[in-house]
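Structure file my_file_10.pdb (PDB, C-alpha atoms, pLDDT in the B column) follows.
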ATOM      1  CA  MET P   1       0.000   0.000   0.000  1.00 50.00           C
ATOM      2  CA  ASN P   2       1.446   3.398  -0.958  1.00 49.00           C
ATOM      3  CA  SER P   3       1.984   6.261   1.494  1.00 46.00           C
ATOM      4  CA  SER P   4      -0.735   8.479   0.021  1.00 44.00           C
ATOM      5  CA  ALA P   5      -3.314   5.721   0.533  1.00 41.00           C
ATOM      6  CA  ASN P   6      -2.188   5.411   4.139  1.00 42.00           C
ATOM      7  CA  ARG P   7      -2.651   9.135   4.669  1.00 41.00           C
ATOM      8  CA  VAL P   8      -6.226   9.005   3.337  1.00 38.00           C
ATOM      9  CA  ALA P   9      -7.146   5.968   5.409  1.00 39.00           C
ATOM     10  CA  THR P  10      -5.943   7.505   8.666  1.00 40.00           C
ATOM     11  CA  ARG P  11      -7.214  11.026   8.056  1.00 45.00           C
ATOM     12  CA  THR P  12      -8.656  12.601  11.207  1.00 48.00           C
ATOM     13  CA  PHE P  13     -12.068  14.288  10.994  1.00 45.00           C
ATOM     14  CA  THR P  14     -12.314  16.929  13.685  1.00 50.00           C
ATOM     15  CA  PRO P  15     -15.676  18.523  14.594  1.00 46.00           C
ATOM     16  CA  ALA P  16     -14.537  21.766  12.958  1.00 48.00           C
ATOM     17  CA  ARG P  17     -13.631  19.972   9.719  1.00 49.00           C
ATOM     18  CA  CYS P  18     -16.935  18.104   9.770  1.00 45.00           C
ATOM     19  CA  ALA P  19     -18.839  21.340  10.167  1.00 42.00           C
ATOM     20  CA  ARG P  20     -17.043  22.880   7.196  1.00 45.00           C
ATOM     21  CA  LEU P  21     -17.781  19.860   5.021  1.00 42.00           C
ATOM     22  CA  VAL P  22     -21.443  19.902   6.042  1.00 39.00           C
ATOM     23  CA  LEU P  23     -21.720  23.473   4.795  1.00 39.00           C
ATOM     24  CA  LEU P  24     -20.127  22.495   1.472  1.00 41.00           C
ATOM     25  CA  ALA P  25     -22.171  19.341   0.914  1.00 41.00           C
ATOM     26  CA  GLY P  26     -25.282  19.930  -1.171  1.00 41.00           C
ATOM     27  CA  SER P  27     -27.210  16.727  -0.522  1.00 37.00           C
ATOM     28  CA  LEU P  28     -27.497  13.758   1.814  1.00 40.00           C
ATOM     29  CA  SER P  29     -25.874  11.551  -0.804  1.00 39.00           C
ATOM     30  CA  ALA P  30     -22.895  13.883  -0.894  1.00 37.00           C
ATOM     31  CA  LEU P  31     -22.717  13.763   2.879  1.00 37.00           C
ATOM     32  CA  ALA P  32     -22.699   9.987   2.846  1.00 40.00           C
ATOM     33  CA  ALA P  33     -19.859   9.939   0.366  1.00 36.00           C
ATOM     34  CA  LEU P  34     -17.743  12.672   1.942  1.00 35.00           C
ATOM     35  CA  LEU P  35     -18.340  12.401   5.665  1.00 37.00           C
ATOM     36  CA  GLN P  36     -18.177   8.769   6.735  1.00 42.00           C
ATOM     37  CA  GLY P  37     -15.787   9.814   9.464  1.00 42.00           C
ATOM     38  CA  CYS P  38     -18.190  12.536  10.635  1.00 42.00           C
ATOM     39  CA  LEU P  39     -21.384  10.484  10.954  1.00 38.00           C
ATOM     40  CA  PRO P  40     -21.999  11.133  14.679  1.00 39.00           C
ATOM     41  CA  VAL P  41     -21.690  14.901  14.152  1.00 37.00           C
ATOM     42  CA  VAL P  42     -23.691  15.027  10.918  1.00 38.00           C
ATOM     43  CA  ALA P  43     -26.467  12.678  12.067  1.00 39.00           C
ATOM     44  CA  ALA P  44     -27.363  14.877  15.018  1.00 39.00           C
ATOM     45  CA  GLY P  45     -27.606  17.976  12.832  1.00 43.00           C
ATOM     46  CA  VAL P  46     -29.611  16.299  10.079  1.00 42.00           C
ATOM     47  CA  GLY P  47     -31.984  14.679  12.610  1.00 44.00           C
ATOM     48  CA  THR P  48     -32.703  17.981  14.337  1.00 44.00           C
ATOM     49  CA  ALA P  49     -33.266  19.740  11.027  1.00 46.00           C
ATOM     50  CA  ALA P  50     -35.718  17.053   9.895  1.00 44.00           C
ATOM     51  CA  VAL P  51     -37.716  17.272  13.123  1.00 46.00           C
ATOM     52  CA  VAL P  52     -37.895  21.069  12.971  1.00 52.00           C
ATOM     53  CA  ALA P  53     -38.954  21.018   9.314  1.00 50.00           C
ATOM     54  CA  ALA P  54     -41.856  18.621   9.977  1.00 60.00           C
ATOM     55  CA  ASP P  55     -43.093  20.207  13.221  1.00 77.00           C
ATOM     56  CA  ARG P  56     -46.046  22.615  13.325  1.00 78.00           C
ATOM     57  CA  ARG P  57     -44.247  24.712  15.916  1.00 87.00           C
ATOM     58  CA  GLN P  58     -41.917  27.492  14.915  1.00 88.00           C
ATOM     59  CA  PRO P  59     -38.252  26.356  14.796  1.00 93.00           C
ATOM     60  CA  ASP P  60     -37.282  28.565  17.738  1.00 94.00           C
ATOM     61  CA  THR P  61     -40.139  27.073  19.767  1.00 93.00           C
ATOM     62  CA  VAL P  62     -38.983  23.523  19.004  1.00 95.00           C
ATOM     63  CA  LEU P  63     -35.492  24.394  20.212  1.00 96.00           C
ATOM     64  CA  GLY P  64     -36.927  26.208  23.231  1.00 96.00           C
ATOM     65  CA  ASP P  65     -38.931  23.116  24.196  1.00 97.00           C
ATOM     66  CA  GLN P  66     -35.802  21.001  23.905  1.00 97.00           C
ATOM     67  CA  ARG P  67     -33.902  23.383  26.180  1.00 98.00           C
ATOM     68  CA  ILE P  68     -36.727  23.227  28.737  1.00 98.00           C
ATOM     69  CA  GLU P  69     -36.688  19.424  28.733  1.00 98.00           C
ATOM     70  CA  LEU P  70     -32.928  19.315  29.241  1.00 98.00           C
ATOM     71  CA  THR P  71     -32.812  22.041  31.881  1.00 98.00           C
ATOM     72  CA  ALA P  72     -35.798  20.754  33.862  1.00 98.00           C
ATOM     73  CA  GLY P  73     -34.550  17.163  33.766  1.00 97.00           C
ATOM     74  CA  ASN P  74     -31.118  18.190  35.012  1.00 97.00           C
ATOM     75  CA  ARG P  75     -32.524  20.339  37.823  1.00 98.00           C
ATOM     76  CA  LEU P  76     -34.853  17.583  39.023  1.00 97.00           C
ATOM     77  CA  GLY P  77     -31.995  15.101  39.090  1.00 96.00           C
ATOM     78  CA  GLU P  78     -29.637  17.474  40.888  1.00 97.00           C
ATOM     79  CA  ARG P  79     -32.091  18.662  43.548  1.00 97.00           C
ATOM     80  CA  LEU P  80     -34.266  15.625  44.212  1.00 97.00           C
ATOM     81  CA  LYS P  81     -31.810  12.872  43.274  1.00 93.00           C
ATOM     82  CA  ASP P  82     -33.142   9.382  44.056  1.00 94.00           C
ATOM     83  CA  GLN P  83     -36.408  10.738  45.471  1.00 97.00           C
ATOM     84  CA  ILE P  84     -37.817  10.977  41.962  1.00 97.00           C
ATOM     85  CA  HIS P  85     -37.903   9.270  38.581  1.00 96.00           C
ATOM     86  CA  ALA P  86     -39.285  11.832  36.149  1.00 97.00           C
ATOM     87  CA  ASN P  87     -39.746  12.267  32.421  1.00 97.00           C
ATOM     88  CA  VAL P  88     -40.107  15.829  31.158  1.00 98.00           C
ATOM     89  CA  THR P  89     -41.860  16.609  27.867  1.00 98.00           C
ATOM     90  CA  SER P  90     -42.419  20.155  26.623  1.00 97.00           C
ATOM     91  CA  PHE P  91     -44.700  21.328  23.809  1.00 96.00           C
ATOM     92  CA  ASN P  92     -45.139  25.049  23.124  1.00 95.00           C
ATOM     93  CA  TYR P  93     -43.722  25.651  26.610  1.00 97.00           C
ATOM     94  CA  THR P  94     -46.416  23.549  28.306  1.00 97.00           C
ATOM     95  CA  VAL P  95     -44.506  20.931  30.265  1.00 98.00           C
ATOM     96  CA  LEU P  96     -45.739  17.441  31.100  1.00 98.00           C
ATOM     97  CA  VAL P  97     -43.990  15.718  34.005  1.00 98.00           C
ATOM     98  CA  THR P  98     -44.569  11.979  34.379  1.00 98.00           C
ATOM     99  CA  GLY P  99     -42.991   9.288  36.516  1.00 97.00           C
ATOM    100  CA  GLU P 100     -42.823   8.638  40.232  1.00 98.00           C
ATOM    101  CA  ALA P 101     -42.096  10.747  43.308  1.00 98.00           C
ATOM    102  CA  ALA P 102     -41.305   9.415  46.769  1.00 97.00           C
ATOM    103  CA  THR P 103     -43.830  11.667  48.570  1.00 97.00           C
ATOM    104  CA  GLU P 104     -46.475  14.320  47.916  1.00 98.00           C
ATOM    105  CA  GLN P 105     -43.943  16.907  49.089  1.00 98.00           C
ATOM    106  CA  VAL P 106     -41.420  15.733  46.498  1.00 98.00           C
ATOM    107  CA  LYS P 107     -44.125  15.829  43.830  1.00 98.00           C
ATOM    108  CA  ALA P 108     -45.005  19.432  44.729  1.00 98.00           C
ATOM    109  CA  GLU P 109     -41.342  20.451  44.854  1.00 98.00           C
ATOM    110  CA  ALA P 110     -40.773  18.914  41.422  1.00 98.00           C
ATOM    111  CA  GLU P 111     -43.558  21.039  39.981  1.00 98.00           C
ATOM    112  CA  LYS P 112     -42.012  24.189  41.451  1.00 98.00           C
ATOM    113  CA  ILE P 113     -38.611  23.295  40.024  1.00 98.00           C
ATOM    114  CA  VAL P 114     -40.009  22.767  36.534  1.00 98.00           C
ATOM    115  CA  ALA P 115     -42.163  25.911  36.701  1.00 98.00           C
ATOM    116  CA  SER P 116     -39.053  27.966  37.532  1.00 98.00           C
ATOM    117  CA  VAL P 117     -37.313  27.028  34.281  1.00 98.00           C
ATOM    118  CA  PRO P 118     -37.222  30.033  31.908  1.00 97.00           C
ATOM    119  CA  SER P 119     -39.984  30.143  29.247  1.00 97.00           C
ATOM    120  CA  VAL P 120     -42.220  27.532  30.926  1.00 98.00           C
ATOM    121  CA  LYS P 121     -45.863  28.650  30.676  1.00 97.00           C
ATOM    122  CA  ASN P 122     -47.688  25.756  32.305  1.00 96.00           C
ATOM    123  CA  VAL P 123     -46.843  22.542  34.147  1.00 98.00           C
ATOM    124  CA  VAL P 124     -49.014  19.422  33.941  1.00 98.00           C
ATOM    125  CA  ASN P 125     -47.866  17.403  36.929  1.00 98.00           C
ATOM    126  CA  GLU P 126     -48.732  13.736  36.382  1.00 98.00           C
ATOM    127  CA  LEU P 127     -46.168  12.346  38.808  1.00 98.00           C
ATOM    128  CA  GLN P 128     -47.447   9.418  40.850  1.00 97.00           C
ATOM    129  CA  VAL P 129     -46.490   9.019  44.507  1.00 97.00           C
ATOM    130  CA  ALA P 130     -44.853   5.616  44.314  1.00 96.00           C
ATOM    131  CA  GLY P 131     -41.520   3.869  44.099  1.00 95.00           C
ATOM    132  CA  ALA P 132     -39.544   4.074  40.877  1.00 94.00           C
ATOM    133  CA  SER P 133     -41.007   1.982  38.067  1.00 95.00           C
ATOM    134  CA  SER P 134     -39.292  -1.232  37.010  1.00 96.00           C
ATOM    135  CA  LEU P 135     -37.283  -1.717  33.849  1.00 96.00           C
ATOM    136  CA  ALA P 136     -40.012  -4.049  32.590  1.00 97.00           C
ATOM    137  CA  SER P 137     -42.651  -1.346  33.080  1.00 97.00           C
ATOM    138  CA  ARG P 138     -40.555   1.254  31.269  1.00 97.00           C
ATOM    139  CA  SER P 139     -39.882  -1.157  28.417  1.00 97.00           C
ATOM    140  CA  ASN P 140     -43.600  -1.812  28.101  1.00 98.00           C
ATOM    141  CA  ASP P 141     -44.249   1.939  27.962  1.00 98.00           C
ATOM    142  CA  THR P 142     -41.751   2.282  25.128  1.00 98.00           C
ATOM    143  CA  TYR P 143     -43.439  -0.606  23.334  1.00 98.00           C
ATOM    144  CA  LEU P 144     -46.888   0.964  23.711  1.00 98.00           C
ATOM    145  CA  THR P 145     -45.638   4.324  22.460  1.00 98.00           C
ATOM    146  CA  GLY P 146     -44.275   2.604  19.360  1.00 98.00           C
ATOM    147  CA  ARG P 147     -47.540   0.785  18.768  1.00 98.00           C
ATOM    148  CA  VAL P 148     -49.573   3.982  19.059  1.00 98.00           C
ATOM    149  CA  LYS P 149     -47.316   5.803  16.603  1.00 98.00           C
ATOM    150  CA  ALA P 150     -47.423   2.894  14.179  1.00 98.00           C
ATOM    151  CA  ALA P 151     -51.219   2.827  14.391  1.00 98.00           C
ATOM    152  CA  TYR P 152     -51.319   6.547  13.565  1.00 98.00           C
ATOM    153  CA  VAL P 153     -49.228   5.964  10.457  1.00 97.00           C
ATOM    154  CA  ALA P 154     -51.349   3.002   9.397  1.00 97.00           C
ATOM    155  CA  ALA P 155     -54.605   4.924   9.860  1.00 97.00           C
ATOM    156  CA  GLY P 156     -53.392   7.871   7.789  1.00 96.00           C
ATOM    157  CA  LYS P 157     -56.012  10.200   9.247  1.00 96.00           C
ATOM    158  CA  PHE P 158     -53.745  13.098  10.209  1.00 95.00           C
ATOM    159  CA  ASP P 159     -50.174  14.334  10.127  1.00 94.00           C
ATOM    160  CA  VAL P 160     -48.510  12.036  12.655  1.00 94.00           C
ATOM    161  CA  THR P 161     -45.776  14.607  13.364  1.00 93.00           C
ATOM    162  CA  ALA P 162     -48.457  16.862  14.888  1.00 93.00           C
ATOM    163  CA  VAL P 163     -49.028  14.548  17.863  1.00 96.00           C
ATOM    164  CA  LYS P 164     -46.426  13.809  20.532  1.00 96.00           C
ATOM    165  CA  VAL P 165     -46.981  10.500  22.355  1.00 98.00           C
ATOM    166  CA  VAL P 166     -45.722   9.881  25.900  1.00 98.00           C
ATOM    167  CA  THR P 167     -46.516   6.689  27.816  1.00 98.00           C
ATOM    168  CA  GLU P 168     -46.090   6.204  31.554  1.00 98.00           C
ATOM    169  CA  ALA P 169     -47.382   3.143  33.437  1.00 97.00           C
ATOM    170  CA  ALA P 170     -49.498   2.246  30.361  1.00 98.00           C
ATOM    171  CA  VAL P 171     -51.211   5.663  30.423  1.00 98.00           C
ATOM    172  CA  VAL P 172     -50.816   7.413  27.067  1.00 98.00           C
ATOM    173  CA  TYR P 173     -50.457  11.203  27.062  1.00 98.00           C
ATOM    174  CA  LEU P 174     -51.054  13.061  23.817  1.00 98.00           C
ATOM    175  CA  MET P 175     -49.616  16.515  23.182  1.00 98.00           C
ATOM    176  CA  GLY P 176     -49.644  18.702  20.089  1.00 96.00           C
ATOM    177  CA  SER P 177     -51.265  21.514  18.149  1.00 94.00           C
ATOM    178  CA  VAL P 178     -54.295  19.966  16.445  1.00 95.00           C
ATOM    179  CA  ASN P 179     -57.879  20.589  15.412  1.00 95.00           C
ATOM    180  CA  GLN P 180     -60.822  18.876  17.089  1.00 95.00           C
ATOM    181  CA  ARG P 181     -61.121  16.136  14.456  1.00 96.00           C
ATOM    182  CA  GLU P 182     -57.426  15.271  14.748  1.00 96.00           C
ATOM    183  CA  ALA P 183     -57.724  15.179  18.538  1.00 97.00           C
ATOM    184  CA  GLU P 184     -60.659  12.765  18.385  1.00 97.00           C
ATOM    185  CA  ASP P 185     -58.949  10.504  15.841  1.00 98.00           C
ATOM    186  CA  ALA P 186     -55.707  10.418  17.816  1.00 98.00           C
ATOM    187  CA  THR P 187     -57.569   9.609  21.024  1.00 98.00           C
ATOM    188  CA  GLU P 188     -59.711   6.854  19.497  1.00 98.00           C
ATOM    189  CA  ILE P 189     -56.742   5.149  17.852  1.00 98.00           C
ATOM    190  CA  ALA P 190     -54.673   5.229  21.050  1.00 98.00           C
ATOM    191  CA  ARG P 191     -57.590   3.876  23.093  1.00 97.00           C
ATOM    192  CA  GLY P 192     -57.826   0.932  20.701  1.00 97.00           C
ATOM    193  CA  ILE P 193     -54.287  -0.280  21.404  1.00 98.00           C
ATOM    194  CA  SER P 194     -54.236  -3.370  23.606  1.00 97.00           C
ATOM    195  CA  GLY P 195     -52.518  -2.690  26.925  1.00 97.00           C
ATOM    196  CA  VAL P 196     -53.294   1.036  27.061  1.00 98.00           C
ATOM    197  CA  ARG P 197     -55.027   1.782  30.386  1.00 97.00           C
ATOM    198  CA  LYS P 198     -56.052   5.362  29.729  1.00 97.00           C
ATOM    199  CA  VAL P 199     -55.495   8.220  27.286  1.00 98.00           C
ATOM    200  CA  VAL P 200     -54.907  11.768  28.549  1.00 98.00           C
ATOM    201  CA  ARG P 201     -55.126  14.658  26.089  1.00 97.00           C
ATOM    202  CA  ILE P 202     -52.991  17.760  26.580  1.00 97.00           C
ATOM    203  CA  PHE P 203     -53.684  19.299  23.199  1.00 96.00           C
ATOM    204  CA  GLU P 204     -53.630  22.867  21.997  1.00 94.00           C
ATOM    205  CA  TYR P 205     -56.317  23.953  19.562  1.00 93.00           C
ATOM    206  CA  PRO P 206     -55.134  26.873  17.398  1.00 87.00           C
ATOM    207  CA  GLY P 207     -57.684  29.673  17.356  1.00 73.00           C
ATOM    208  CA  ALA P 208     -59.517  28.358  20.418  1.00 64.00           C
ATOM    209  CA  ALA P 209     -59.073  28.859  24.134  1.00 53.00           C
ATOM    210  CA  ALA P 210     -56.641  26.375  25.633  1.00 49.00           C
ATOM    211  CA  ALA P 211     -58.452  23.392  27.095  1.00 48.00           C
ATOM    212  CA  ALA P 212     -57.553  21.727  30.374  1.00 48.00           C
ATOM    213  CA  PRO P 213     -56.042  18.235  30.158  1.00 56.00           C
ATOM    214  CA  ALA P 214     -58.851  15.730  29.671  1.00 54.00           C
ATOM    215  CA  SER P 215     -58.720  12.007  30.349  1.00 53.00           C
ATOM    216  CA  LYS P 216     -60.593   9.679  28.021  1.00 56.00           C
TER
END

Here is the file; what I need is its structure written in the form of structure tokens.
Amino acid sequence: MNSSANRVATRTFTPARCARLVLLAGSLSALAALLQGCLPVVAAGVGTAAVVAADRRQPDTVLGDQRIELTAGNRLGERLKDQIHANVTSFNYTVLVTGEAATEQVKAEAEKIVASVPSVKNVVNELQVAGASSLASRSNDTYLTGRVKAAYVAAGKFDVTAVKVVTEAAVVYLMGSVNQREAEDATEIARGISGVRKVVRIFEYPGAAAAAPASK
């Protein structure tokens, strides 16, 4: 093997070099050809761009919701430690908190912590006072979320990117900016999935007054 081939094979792709190549690449096919060494860096950027492009929220709102989720999750972990197992989901700055808290006091404190995060408008506190859920329970929740999303795609009744699905202890929470027909379709489909105990809607209806979370 010649020396030039060795230099190409061992070339180092730094984050800065990857970023420059991303700017120069005009298509995903070009990225695949040019940036095999940069896949972790490129994949994150492409994934975020795809999500923002498909979302009904404004791009800055999508990023703001992501910052809220990260900040709130970190603060809960730092301040309450093993007294809580919480999942934080933000949509248009309305924040859903699910999981388990050791006591009612911990549950209330968690809500205050999340509400104090910049830009948060409303907190829907669905924490249950109980011990942390098992790995089996969490795996089942992930499975149910996947089944609900797959059922939405199969039904083809609405834009599936408009509805965010969160499952905790087999309770399915639906978030998003939808019209009334989309809300009803999403709820009915989720209710029809075997293993789902309850469906809770936390939807926003553009042009209408915000409705309180409703269980169905």

Would you tabulate, counting only C-alpha atoms, all residues of stretch 58-158 of chain P that have an atom at most 9 Å from an atom of stretch 167-181 of chain P, showing the closest pair of atoms and their distance in Å to one decimal, sorted by chain then ascending number, as CSV?
residue,atom,partner,partner_atom,distance
P:Asn87,CA,P:Glu168,CA,8.8
P:Ser90,CA,P:Met175,CA,8.8
P:Phe91,CA,P:Gly176,CA,6.7
P:Asn92,CA,P:Gly176,CA,8.4
P:Leu96,CA,P:Tyr173,CA,8.8
P:Thr98,CA,P:Glu168,CA,6.6
P:Gly99,CA,P:Glu168,CA,6.6
P:Ser133,CA,P:Ala169,CA,8.0
P:Ser137,CA,P:Ala169,CA,6.5
P:Arg138,CA,P:Ala169,CA,7.4
P:Asn140,CA,P:Ala170,CA,7.5
P:Asp141,CA,P:Thr167,CA,5.3
P:Thr142,CA,P:Thr167,CA,7.0
P:Leu144,CA,P:Thr167,CA,7.1
P:Thr145,CA,P:Thr167,CA,5.9
P:Val148,CA,P:Val172,CA,8.8

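Among the candidate residues P:Ala190, P:Val106, P:Val163, P:Leu70, the one lying nearest to P:Pro118 is P:Leu70, with distances computed using only C-alpha atoms.
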
Which residue out of P:Gly207, P:Val95, P:Glu109, P:Val117 has the minimum interatomic distance to P:Thr71 when all atoms listed in the file are used?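 Nearest to P:Thr71: P:Val117.
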
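A straight line drawn from atom CA of P:Asp55 to atom CA of P:Val124 is 21.6 Å long.
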
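The shell of residues at most 12 Å from P:Ile113, with only C-alpha atoms counted and near chain neighbours (fewer than 5 positions) removed, consists of Ile68, Thr71, Ala72, Gly73, Asn74, Arg75, Leu76, Gly77, Glu78, Arg79, Leu80, Val88, Val95, Val97, Val106, Lys107, Ala108, Pro118, Val120, Val123 and Asn125 of chain P.
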
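Using all atoms listed in the file for every distance, the candidate list P:Ala132, P:Ala154, P:Ile193, P:Ile202 yields P:Ala132 as the residue closest to P:Lys81.
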